[in-house]
file query-v2.txt (compact mmCIF, C-alpha atoms and all ligand atoms)
# COMPACT_ATOMS: atom_id res chain seq x y z
CA MET R 23 114.64 66.18 93.87
CA ASP R 24 112.30 63.21 94.05
CA THR R 25 109.08 65.10 93.37
CA ARG R 26 110.72 67.18 90.67
CA ARG R 27 112.01 64.01 88.93
CA ASP R 28 108.43 62.71 88.76
CA PHE R 29 107.31 66.05 87.46
CA ILE R 30 109.99 66.03 84.76
CA LYS R 31 109.12 62.50 83.69
CA LYS R 32 105.46 63.48 83.36
CA SER R 33 106.47 66.67 81.54
CA LEU R 34 108.54 64.79 78.98
CA ILE R 35 105.73 62.33 78.38
CA ALA R 36 103.20 65.15 78.06
CA CYS R 37 105.41 67.06 75.63
CA THR R 38 105.92 64.01 73.47
CA ALA R 39 102.22 63.15 73.57
CA LEU R 40 101.19 66.69 72.67
CA SER R 41 104.06 67.04 70.15
CA LEU R 42 104.95 70.39 71.69
CA PRO R 43 107.67 72.27 69.82
CA LEU R 44 110.93 72.35 71.78
CA THR R 45 113.25 75.27 71.14
CA PHE R 46 116.93 74.89 71.92
CA PRO R 47 118.62 78.01 73.23
CA GLU R 48 121.87 79.26 71.74
CA ASN R 49 124.07 79.44 74.79
CA GLY R 50 127.47 78.54 73.39
CA ARG R 51 130.85 79.94 74.22
CA ALA R 52 131.10 83.64 75.04
CA LEU R 53 133.60 86.01 73.48
CA GLN R 54 136.09 87.77 75.72
CA ARG R 55 135.39 91.51 76.01
CA GLU R 56 137.50 94.40 77.24
CA PHE R 57 136.55 96.27 80.40
CA LYS R 58 136.00 99.98 79.98
CA ILE R 59 137.29 100.69 83.49
CA ARG R 60 139.69 99.05 85.97
CA ASN R 61 138.49 100.60 89.24
CA PRO R 62 134.71 100.74 89.57
CA LYS R 63 133.32 103.49 91.79
CA ARG R 64 129.54 102.93 91.56
CA ALA R 65 128.18 99.41 91.66
CA LEU R 66 124.66 98.15 91.20
CA VAL R 67 123.65 94.81 92.71
CA LEU R 68 120.37 94.02 91.02
CA CYS R 69 118.35 91.07 92.28
CA TYR R 70 115.16 89.21 91.74
CA SER R 71 114.27 87.08 94.73
CA GLN R 72 111.15 85.34 95.99
CA THR R 73 112.11 83.70 99.27
CA GLY R 74 115.00 86.01 100.11
CA PHE R 75 118.05 83.84 99.35
CA THR R 76 119.19 85.70 96.23
CA SER R 77 118.60 89.11 97.81
CA ARG R 78 120.49 88.00 100.95
CA TYR R 79 123.53 87.04 98.83
CA GLY R 80 123.13 90.26 96.83
CA ARG R 81 123.06 92.33 99.99
CA LEU R 82 126.25 90.68 101.24
CA ILE R 83 127.98 91.38 97.91
CA ALA R 84 126.91 95.05 98.14
CA CYS R 85 128.24 95.21 101.74
CA ILE R 86 131.62 93.79 100.67
CA LEU R 87 131.89 96.27 97.78
CA LYS R 88 131.07 99.06 100.22
CA GLU R 89 133.83 97.87 102.56
CA LYS R 90 136.20 98.24 99.58
CA GLY R 91 135.19 101.90 99.17
CA ILE R 92 132.76 101.41 96.25
CA ALA R 93 129.36 103.15 96.39
CA ALA R 94 127.08 100.11 96.13
CA GLU R 95 123.35 100.10 95.57
CA LEU R 96 121.16 97.05 96.11
CA ALA R 97 118.00 97.10 93.99
CA ASP R 98 115.00 94.90 93.24
CA MET R 99 114.68 94.07 89.55
CA ARG R 100 110.88 94.32 89.78
CA THR R 101 110.97 98.03 90.62
CA PHE R 102 114.33 99.21 89.22
CA ASP R 103 114.16 101.81 86.44
CA LYS R 104 116.28 100.39 83.58
CA LYS R 105 117.23 103.86 82.39
CA ARG R 106 119.37 104.25 85.55
CA ILE R 107 121.58 101.32 84.56
CA THR R 108 124.07 103.53 82.74
CA ASP R 109 124.74 105.42 86.03
CA PHE R 110 126.86 102.44 87.20
CA ASP R 111 130.33 101.20 86.28
CA LEU R 112 129.87 97.69 87.72
CA ILE R 113 126.66 95.65 87.47
CA ILE R 114 126.15 92.43 89.42
CA MET R 115 122.87 90.65 88.83
CA GLY R 116 121.34 87.90 90.95
CA SER R 117 118.48 85.52 90.30
CA PRO R 118 117.12 82.25 91.58
CA VAL R 119 117.14 79.23 89.27
CA PHE R 120 113.53 78.42 88.46
CA TYR R 121 112.65 75.56 86.12
CA TYR R 122 116.30 74.91 85.18
CA ASP R 123 116.83 78.49 84.00
CA ILE R 124 116.65 82.11 85.06
CA PRO R 125 112.94 83.03 85.38
CA PRO R 126 111.24 84.57 82.31
CA ASN R 127 110.78 87.95 84.01
CA VAL R 128 114.57 88.07 84.60
CA SER R 129 115.45 87.13 81.02
CA SER R 130 112.95 89.72 79.68
CA PHE R 131 114.49 92.36 81.94
CA LEU R 132 118.03 91.56 80.78
CA ALA R 133 117.03 91.32 77.11
CA ALA R 134 115.59 94.86 77.28
CA MET R 135 118.61 96.49 78.99
CA PRO R 136 120.06 99.70 77.57
CA LYS R 137 123.58 99.40 76.09
CA ILE R 138 126.34 99.02 78.70
CA THR R 139 129.30 98.61 76.36
CA GLY R 140 132.47 97.59 78.20
CA ILE R 141 130.90 97.85 81.67
CA PRO R 142 132.01 94.96 83.90
CA VAL R 143 129.12 92.63 84.71
CA ALA R 144 128.86 89.56 86.91
CA ALA R 145 126.04 87.12 87.63
CA PHE R 146 125.12 84.93 90.57
CA VAL R 147 122.26 82.50 91.04
CA SER R 148 120.86 80.85 94.11
CA PHE R 149 119.64 77.32 93.49
CA GLY R 150 118.05 74.42 95.28
CA GLY R 151 119.92 71.29 94.27
CA PRO R 152 122.87 69.84 92.36
CA GLU R 153 120.62 68.75 89.50
CA GLY R 154 119.30 72.26 89.05
CA ASN R 155 121.13 73.39 85.85
CA GLN R 156 122.60 76.36 87.68
CA HIS R 157 125.66 76.68 85.43
CA ASN R 158 123.58 77.00 82.27
CA ALA R 159 121.18 79.41 83.98
CA LEU R 160 124.23 81.58 84.78
CA CYS R 161 125.45 81.33 81.18
CA HIS R 162 122.00 82.43 79.98
CA ALA R 163 122.13 85.52 82.24
CA LEU R 164 125.68 86.39 81.15
CA HIS R 165 124.85 85.96 77.47
CA LEU R 166 122.00 88.46 77.83
CA LEU R 167 124.30 90.89 79.66
CA ASP R 168 126.88 90.34 76.91
CA ASP R 169 124.25 91.16 74.26
CA ALA R 170 123.88 94.54 76.00
CA GLY R 171 127.66 95.00 75.70
CA GLY R 172 128.66 94.07 79.27
CA ALA R 173 132.05 92.43 79.86
CA ALA R 174 131.82 89.38 82.14
CA ALA R 175 133.90 89.54 85.33
CA GLY R 176 132.49 86.59 87.26
CA MET R 177 129.79 84.03 87.85
CA ILE R 178 128.80 81.89 90.82
CA ALA R 179 126.02 79.52 91.87
CA LEU R 180 125.13 79.51 95.57
CA ARG R 181 123.09 76.71 97.03
CA SER R 182 120.07 77.38 99.29
CA ILE R 183 117.05 75.62 100.66
CA PRO R 184 114.88 74.74 97.65
CA SER R 185 111.85 77.03 97.79
CA TYR R 186 109.78 74.90 95.45
CA PRO R 187 106.68 74.04 97.48
CA THR R 188 105.52 70.46 97.56
CA PRO R 189 102.65 69.28 99.74
CA THR R 190 105.16 67.86 102.26
CA TRP R 191 108.22 70.09 101.70
CA ASP R 192 110.22 66.92 102.11
CA SER R 193 112.23 66.22 98.95
CA ALA R 194 115.76 64.84 99.27
CA ASN R 195 117.16 68.25 98.32
CA GLN R 196 115.05 70.04 100.89
CA ARG R 197 116.27 67.75 103.66
CA ALA R 198 119.89 68.00 102.49
CA ALA R 199 119.88 71.80 102.33
CA GLU R 200 117.91 72.78 105.43
CA HIS R 201 121.07 74.21 107.05
CA LEU R 202 121.88 76.51 104.10
CA PRO R 203 123.19 79.12 103.73
CA ASP R 204 125.99 78.38 106.20
CA ALA R 205 129.36 79.99 106.98
CA SER R 206 130.89 78.33 103.94
CA THR R 207 128.18 79.72 101.59
CA TYR R 208 128.89 83.22 102.91
CA GLY R 209 132.63 82.57 102.43
CA GLN R 210 131.89 81.78 98.78
CA VAL R 211 129.95 85.04 98.43
CA ARG R 212 132.82 87.08 99.92
CA SER R 213 135.45 85.55 97.67
CA PHE R 214 133.18 85.97 94.63
CA ALA R 215 132.94 89.73 95.29
CA GLU R 216 136.70 89.97 95.84
CA GLN R 217 137.53 87.94 92.72
CA VAL R 218 135.24 90.07 90.56
CA LEU R 219 137.10 93.21 91.67
CA ALA R 220 140.51 91.56 91.23
CA ARG R 221 139.68 90.44 87.66
CA ILE R 222 138.45 93.92 86.74
CA SER R 223 141.65 95.51 88.10
CA ARG R 224 143.74 93.05 86.04
CA GLY R 225 141.56 93.59 82.95
CA GLU R 226 140.77 89.87 82.72
CA SER R 227 137.21 89.15 81.65
CA ILE R 228 135.96 85.55 81.92
CA ILE R 229 135.09 83.04 79.24
CA TYR R 230 132.10 80.83 79.97
CA GLU R 231 130.45 78.04 78.08
CA SER R 232 127.17 76.24 78.69
CA GLU R 233 127.22 72.50 79.33
CA ILE R 234 125.38 69.97 77.21
CA SER R 235 123.41 67.87 79.67
CA ALA R 236 120.02 66.24 80.30
CA ARG R 237 119.17 69.20 82.54
CA GLU R 238 119.73 71.55 79.62
CA VAL R 239 117.19 69.53 77.65
CA MET R 240 114.73 70.01 80.55
CA ARG R 241 115.19 73.76 80.24
CA THR R 242 113.85 73.67 76.72
CA LEU R 243 110.54 72.09 77.80
CA PRO R 244 107.53 74.33 78.51
CA LEU R 245 107.81 73.48 82.23
CA ILE R 246 105.97 76.54 83.48
CA TRP R 247 103.04 75.83 81.20
CA LEU R 248 102.98 72.17 82.27
CA ASN R 249 103.21 73.07 85.93
CA LYS R 250 100.32 75.49 85.61
CA LYS R 251 98.24 72.61 84.25
CA ALA R 252 99.05 70.64 87.43
CA ILE R 253 98.08 73.60 89.66
CA ARG R 254 94.34 73.09 89.42
CA LYS R 255 93.33 75.76 91.95
CA HIS R 256 95.06 79.12 92.40
CA THR R 257 93.08 81.81 94.18
CA VAL R 258 92.91 83.97 97.31
CA ASP R 259 90.88 83.05 100.39
CA GLY R 260 88.96 86.27 101.14
CA GLU R 261 88.23 85.13 104.71
CA LYS R 262 91.92 84.77 105.57
CA CYS R 263 93.36 87.66 103.49
CA ILE R 264 94.51 90.61 105.63
CA GLY R 265 94.95 92.92 102.62
CA CYS R 266 98.70 93.43 103.12
CA ARG R 267 99.39 93.29 99.34
CA THR R 268 102.66 91.40 99.85
CA CYS R 269 101.63 89.01 97.08
CA VAL R 270 101.05 91.95 94.72
CA LYS R 271 104.53 93.33 95.45
CA GLN R 272 106.16 89.92 95.02
CA CYS R 273 104.39 88.95 91.80
CA PRO R 274 106.74 89.68 88.88
CA VAL R 275 103.96 89.77 86.29
CA ASP R 276 101.06 91.56 88.04
CA ALA R 277 98.91 88.42 87.98
CA ILE R 278 97.41 88.37 91.49
CA HIS R 279 94.56 90.61 92.65
CA PRO R 280 93.76 89.74 96.29
CA GLU R 281 90.93 92.28 96.59
CA LYS R 282 89.10 90.48 93.73
CA GLN R 283 90.30 87.07 94.93
CA PHE R 284 91.57 86.54 91.41
CA VAL R 285 94.74 85.18 89.80
CA ASP R 286 95.29 85.74 86.08
CA ARG R 287 96.41 82.23 85.13
CA GLU R 288 97.53 83.34 81.65
CA ARG R 289 100.01 85.87 83.01
CA CYS R 290 101.15 83.76 85.98
CA VAL R 291 104.66 82.27 85.62
CA ALA R 292 104.16 79.71 88.43
CA CYS R 293 106.93 81.16 90.61
CA PHE R 294 104.95 80.49 93.84
CA GLY R 295 106.01 83.94 95.09
CA CYS R 296 102.48 84.75 96.27
CA LEU R 297 102.13 81.48 98.19
CA ASN R 298 105.71 81.62 99.51
CA ASN R 299 105.31 85.12 100.97
CA CYS R 300 101.72 85.38 102.16
CA PRO R 301 101.82 85.94 105.94
CA ALA R 302 98.21 84.79 106.42
CA ASP R 303 98.13 81.49 104.49
CA ALA R 304 95.50 83.13 102.28
CA VAL R 305 96.93 82.14 98.89
CA VAL R 306 95.25 78.91 97.88
CA MET R 307 97.16 76.65 95.51
CA GLU R 308 96.39 73.02 94.87
CA TYR R 309 98.98 70.89 93.18
CA THR R 310 97.53 67.71 91.69
CA GLY R 311 94.64 67.96 94.17
CA LYS R 312 96.78 68.64 97.28
CA ARG R 313 96.80 72.01 99.08
CA LEU R 314 100.26 73.60 99.23
CA TYR R 315 101.58 75.70 102.06
CA GLY R 316 104.23 78.37 101.71
CA PHE R 317 107.85 78.89 102.74
CA PRO R 318 107.22 80.79 106.04
CA GLU R 319 105.02 77.95 107.27
CA TYR R 320 107.64 75.38 106.19
CA LEU R 321 110.35 77.21 108.17
CA LYS R 322 108.03 77.37 111.19
CA ARG R 323 107.08 73.69 111.10
CA ARG R 324 110.72 72.58 110.75
CA LYS R 325 111.96 75.17 113.31
CA ILE R 326 114.48 76.53 110.78
CA THR R 327 116.18 79.87 111.42
CA ILE R 328 118.17 81.18 108.48
CA LEU R 329 121.72 82.22 109.34
CA GLU R 330 122.52 85.84 108.45
CA PRO R 331 126.10 86.97 107.69
CA ALA R 332 127.92 88.97 110.38
CA GLU R 333 128.26 91.97 108.00
CA PHE R 334 124.51 92.67 108.23
CA GLN R 335 124.90 93.89 111.81
CA THR R 336 126.94 96.90 110.71
CA CYS R 337 126.49 97.34 106.96
CA ARG R 338 124.00 100.05 105.95
CA LEU R 339 123.28 100.35 102.24
C1 LIG R 401 109.13 77.62 90.92
C2 LIG R 401 110.47 77.16 91.39
C3 LIG R 401 111.29 76.45 90.53
C4 LIG R 401 112.56 76.05 90.96
N1 LIG R 401 113.37 75.39 90.07
C5 LIG R 401 114.63 75.08 90.44
C6 LIG R 401 115.51 74.46 89.51
O1 LIG R 401 115.15 74.19 88.36
N2 LIG R 401 116.77 74.19 89.91
C7 LIG R 401 117.21 74.46 91.19
O2 LIG R 401 118.36 74.17 91.49
N3 LIG R 401 116.40 75.05 92.08
C8 LIG R 401 115.12 75.37 91.74
N4 LIG R 401 114.30 76.00 92.64
C9 LIG R 401 114.84 76.38 93.97
C10 LIG R 401 115.31 77.84 93.98
O3 LIG R 401 116.21 78.09 92.93
C11 LIG R 401 116.04 78.19 95.29
O4 LIG R 401 115.28 77.88 96.39
C12 LIG R 401 116.44 79.65 95.30
O5 LIG R 401 117.44 79.83 96.28
C13 LIG R 401 115.30 80.60 95.61
O6 LIG R 401 115.79 81.90 95.57
P1 LIG R 401 115.02 83.14 96.22
O7 LIG R 401 114.90 82.87 97.70
O8 LIG R 401 115.89 84.30 95.95
O9 LIG R 401 113.70 83.24 95.55
C14 LIG R 401 113.01 76.38 92.27
C15 LIG R 401 112.16 77.07 93.15
C16 LIG R 401 110.91 77.46 92.72
C17 LIG R 401 110.02 78.23 93.66
S1 LIG R 402 99.86 88.34 100.78
FE1 LIG R 402 98.16 87.09 101.53
S2 LIG R 402 97.20 88.35 103.11
FE2 LIG R 402 98.51 89.72 101.92
S3 LIG R 402 97.15 90.56 100.33
FE3 LIG R 402 98.11 88.75 99.45
S4 LIG R 402 96.69 87.08 99.86
FE4 LIG R 402 96.12 88.77 101.19
S1 LIG R 403 100.42 84.87 90.73
FE1 LIG R 403 101.78 83.45 89.64
S2 LIG R 403 103.45 84.75 88.88
FE2 LIG R 403 102.36 85.94 90.46
S3 LIG R 403 103.48 85.52 92.37
FE3 LIG R 403 101.80 84.02 92.27
S4 LIG R 403 102.72 82.21 91.26
FE4 LIG R 403 104.12 83.97 90.86

call {"tool": "encode", "arguments": {"input": "query-v2.txt", "output": "structure tokens"}}
result
Amino acid sequence: MDTRRDFIKKSLIACTALSLPLTFPENGRALQREFKIRNPKRALVLCYSQTGFTSRYGRLIACILKEKGIAAELADMRTFDKKRITDFDLIIMGSPVFYYDIPPNVSSFLAAMPKITGIPVAAFVSFGGPEGNQHNALCHALHLLDDAGGAAAGMIALRSIPSYPTPTWDSANQRAAEHLPDASTYGQVRSFAEQVLARISRGESIIYESEISAREVMRTLPLIWLNKKAIRKHTVDGEKCIGCRTCVKQCPVDAIHPEKQFVDRERCVACFGCLNNCPADAVVMEYTGKRLYGFPEYLKRRKITILEPAEFQTCRL
């Protein structure tokens, strides 16, 4: 990611210059746990998604589980009532990789989960590029699920178009991934769902271990904070806003108030969800002085149509 590499370089320099404290996460090797059940009957596929890739993969997983006779529910992490989590005997969570990790709203959600001792859990992430630290982001999610008592049955990283907006939407990763997801990505999703079920039926939980890498060092930097410094302007254009409240629904931290044309910069986690979903180009964000445009506009300009899996024509959740 050319632009991201520049951003990281600047971030490292800024951190050193400001002597910011860097905290290293404890993401070592996981212990193997026993599954409480061997044949799940009620599965929850719980996703957080901003540009629809994670939720698309989650929906396909739920469809496959349904084909196998399991009652599967697909839910949005932003609105799901945590107390319901104990109603399920298989939990599969999905998240995008943002800033080399799972986003902070996802980690807070997982850290506050009720106990799910022995319940099989699996995690998937969608990510934008090979340098994205997707494996360690997955380990982070599984460690949090393990802290709640879940027994890990699978993990997978699924590549997508990077949804990180740059003024040109033209990084090397964006160009390389414009055709994703493709038939092979959906093949990976199907075998992931099948392997998770097969492991549970055999009683074989997985062992996972985070990798020590430069990308893992990046994860420890206050990247969101640094990025917010680079986003000089973040507001709503009252002339263009059509009052649809999509941005409000997408925002994971209740930071955008289109009626007041106000964004709470303290709360904001720089996920670009408001910009990337506004249908009226009314979210104004300037990155180092340049106006950004969102994901729908990028797809339109590049004439990209995202391939949907065949299952969606018949699967009703
Ligand atoms: C704010 C932001 C940060 C991102 N950071 C990373 C990253 O560190 N590594 C990566 O591989 N992809 C990164 N991406 C790309 C997303 O992970 C990828 O596009 C993902 O599929 C989006 O999922 P969604 O459509 O479910 O929101 C980032 C995207 C955004 C918007
Ligand atoms: S998504 Fe865009 S048009 Fe809709 S309320 Fe938000 S700023 Fe206004
Ligand atoms: S206001 Fe900030 S946190 Fe909320 S959707 Fe927009 S970028 Fe994300």

call {"tool": "closest_atom_pairs", "arguments": {"input": "query-v2.txt", "of": "segment 134-197 of chain R", "to": "segment 241-265 of chain R", "cutoff": "10 Å", "atoms": "only C-alpha atoms", "output": "CSV"}}
result
residue,atom,partner,partner_atom,distance
R:Gly154,CA,R:Arg241,CA,9.8
R:Asn155,CA,R:Arg241,CA,8.2
R:Asn158,CA,R:Arg241,CA,9.2
R:Ala159,CA,R:Arg241,CA,9.0

call {"tool": "closest_atom_pairs", "arguments": {"input": "query-v2.txt", "of": "chain R", "to": "ligand LIG 402 (chain R)", "cutoff": "7 Å", "atoms": "all atoms listed in the file", "output": "CSV"}}
result
residue,atom,partner,partner_atom,distance
R:Val258,CA,R:LIG402,S4,5.5
R:Lys262,CA,R:LIG402,S2,6.8
R:Cys263,CA,R:LIG402,FE4,3.8
R:Ile264,CA,R:LIG402,S2,4.3
R:Gly265,CA,R:LIG402,S3,4.0
R:Cys266,CA,R:LIG402,FE2,3.9
R:Arg267,CA,R:LIG402,S3,3.7
R:Thr268,CA,R:LIG402,S1,4.3
R:Cys269,CA,R:LIG402,S1,4.2
R:Val270,CA,R:LIG402,FE3,6.4
R:Pro280,CA,R:LIG402,S4,5.3
R:Cys296,CA,R:LIG402,S1,6.3
R:Asn299,CA,R:LIG402,S1,6.3
R:Cys300,CA,R:LIG402,S1,3.8
R:Pro301,CA,R:LIG402,FE1,5.8
R:Ala302,CA,R:LIG402,S2,5.0
R:Asp303,CA,R:LIG402,FE1,6.3
R:Ala304,CA,R:LIG402,S4,4.8
R:Val305,CA,R:LIG402,S4,5.0

call {"tool": "closest_residue", "arguments": {"input": "query-v2.txt", "among": "R:Thr139, R:Gln196, R:Ser182, R:Gln283", "to": "Glu56 of chain R", "atoms": "only C-alpha atoms"}}
result
R:Thr139

call {"tool": "residues_around", "arguments": {"input": "query-v2.txt", "residues": "segment 206-217 of chain R", "least_positions_apart": "3", "cutoff": "8 Å", "atoms": "all atoms listed in the file", "output": "JSON list (two decimals) with C-alpha atoms, in the frame of the given file"}}
result
[["chain", "number", "residue", "atom", "x", "y", "z"],
["R", 79, "TYR", "CA", 123.53, 87.04, 98.83],
["R", 82, "LEU", "CA", 126.25, 90.68, 101.24],
["R", 83, "ILE", "CA", 127.98, 91.38, 97.91],
["R", 86, "ILE", "CA", 131.62, 93.79, 100.67],
["R", 87, "LEU", "CA", 131.89, 96.27, 97.78],
["R", 176, "GLY", "CA", 132.49, 86.59, 87.26],
["R", 177, "MET", "CA", 129.79, 84.03, 87.85],
["R", 178, "ILE", "CA", 128.80, 81.89, 90.82],
["R", 180, "LEU", "CA", 125.13, 79.51, 95.57],
["R", 181, "ARG", "CA", 123.09, 76.71, 97.03],
["R", 202, "LEU", "CA", 121.88, 76.51, 104.10],
["R", 203, "PRO", "CA", 123.19, 79.12, 103.73],
["R", 220, "ALA", "CA", 140.51, 91.56, 91.23],
["R", 221, "ARG", "CA", 139.68, 90.44, 87.66],
["R", 331, "PRO", "CA", 126.10, 86.97, 107.69]]

call {"tool": "axis_aligned_box", "arguments": {"input": "query-v2.txt", "around": "ligand LIG 401 (chain R)", "padding_each_side": "8 Å", "output": "JSON"}}
result
{"center_x": 113.7, "center_y": 79.2, "center_z": 93.0, "size_x": 25.2, "size_y": 26.1, "size_z": 25.3}

call {"tool": "decode", "arguments": {"input": "query-v2.txt", "residues": "segment 206-255 of chain R", "atoms": "C-alpha atoms", "output": "PDB file, in the first residue's frame"}}
result
ATOM      1  CA  SER R 206     -11.957 -18.471  -5.366  1.00  0.00           C
ATOM      2  CA  THR R 207     -12.633 -16.160  -2.371  1.00  0.00           C
ATOM      3  CA  TYR R 208     -16.134 -17.613  -2.082  1.00  0.00           C
ATOM      4  CA  GLY R 209     -14.623 -21.121  -2.344  1.00  0.00           C
ATOM      5  CA  GLN R 210     -12.426 -20.251   0.648  1.00  0.00           C
ATOM      6  CA  VAL R 211     -15.486 -19.085   2.603  1.00  0.00           C
ATOM      7  CA  ARG R 212     -17.374 -22.325   1.858  1.00  0.00           C
ATOM      8  CA  SER R 213     -14.503 -24.566   2.912  1.00  0.00           C
ATOM      9  CA  PHE R 214     -13.939 -22.473   6.049  1.00  0.00           C
ATOM     10  CA  ALA R 215     -17.559 -23.071   7.144  1.00  0.00           C
ATOM     11  CA  GLU R 216     -17.278 -26.780   6.362  1.00  0.00           C
ATOM     12  CA  GLN R 217     -13.937 -27.159   8.160  1.00  0.00           C
ATOM     13  CA  VAL R 218     -15.263 -25.420  11.269  1.00  0.00           C
ATOM     14  CA  LEU R 219     -18.137 -27.924  11.458  1.00  0.00           C
ATOM     15  CA  ALA R 220     -15.828 -30.879  10.761  1.00  0.00           C
ATOM     16  CA  ARG R 221     -13.403 -29.848  13.535  1.00  0.00           C
ATOM     17  CA  ILE R 222     -16.252 -29.431  16.016  1.00  0.00           C
ATOM     18  CA  SER R 223     -17.627 -32.889  15.164  1.00  0.00           C
ATOM     19  CA  ARG R 224     -14.145 -34.398  15.697  1.00  0.00           C
ATOM     20  CA  GLY R 225     -13.647 -32.412  18.921  1.00  0.00           C
ATOM     21  CA  GLU R 226     -10.454 -30.816  17.577  1.00  0.00           C
ATOM     22  CA  SER R 227     -10.044 -27.193  18.591  1.00  0.00           C
ATOM     23  CA  ILE R 228      -7.279 -25.177  16.906  1.00  0.00           C
ATOM     24  CA  ILE R 229      -4.046 -23.788  18.283  1.00  0.00           C
ATOM     25  CA  TYR R 230      -3.044 -20.375  16.978  1.00  0.00           C
ATOM     26  CA  GLU R 231      -0.082 -18.156  17.611  1.00  0.00           C
ATOM     27  CA  SER R 232       0.564 -14.559  16.623  1.00  0.00           C
ATOM     28  CA  GLU R 233       3.538 -13.767  14.399  1.00  0.00           C
ATOM     29  CA  ILE R 234       6.340 -11.426  15.373  1.00  0.00           C
ATOM     30  CA  SER R 235       6.671  -9.016  12.466  1.00  0.00           C
ATOM     31  CA  ALA R 236       7.137  -5.352  11.548  1.00  0.00           C
ATOM     32  CA  ARG R 237       3.384  -5.161  10.944  1.00  0.00           C
ATOM     33  CA  GLU R 238       2.774  -6.249  14.522  1.00  0.00           C
ATOM     34  CA  VAL R 239       4.926  -3.338  15.662  1.00  0.00           C
ATOM     35  CA  MET R 240       2.714  -1.028  13.548  1.00  0.00           C
ATOM     36  CA  ARG R 241      -0.315  -2.312  15.422  1.00  0.00           C
ATOM     37  CA  THR R 242       1.096  -1.006  18.673  1.00  0.00           C
ATOM     38  CA  LEU R 243       1.329   2.576  17.363  1.00  0.00           C
ATOM     39  CA  PRO R 244      -1.521   5.015  18.034  1.00  0.00           C
ATOM     40  CA  LEU R 245      -2.413   4.964  14.322  1.00  0.00           C
ATOM     41  CA  ILE R 246      -6.007   6.082  14.746  1.00  0.00           C
ATOM     42  CA  TRP R 247      -4.925   9.077  16.782  1.00  0.00           C
ATOM     43  CA  LEU R 248      -2.239   9.957  14.225  1.00  0.00           C
ATOM     44  CA  ASN R 249      -4.634   9.555  11.332  1.00  0.00           C
ATOM     45  CA  LYS R 250      -7.159  11.836  12.986  1.00  0.00           C
ATOM     46  CA  LYS R 251      -4.437  14.496  13.157  1.00  0.00           C
ATOM     47  CA  ALA R 252      -4.012  14.162   9.371  1.00  0.00           C
ATOM     48  CA  ILE R 253      -7.782  14.470   8.784  1.00  0.00           C
ATOM     49  CA  ARG R 254      -7.958  18.223   9.174  1.00  0.00           C
ATOM     50  CA  LYS R 255     -11.625  18.631   8.204  1.00  0.00           C
TER      51      LYS R 255
END
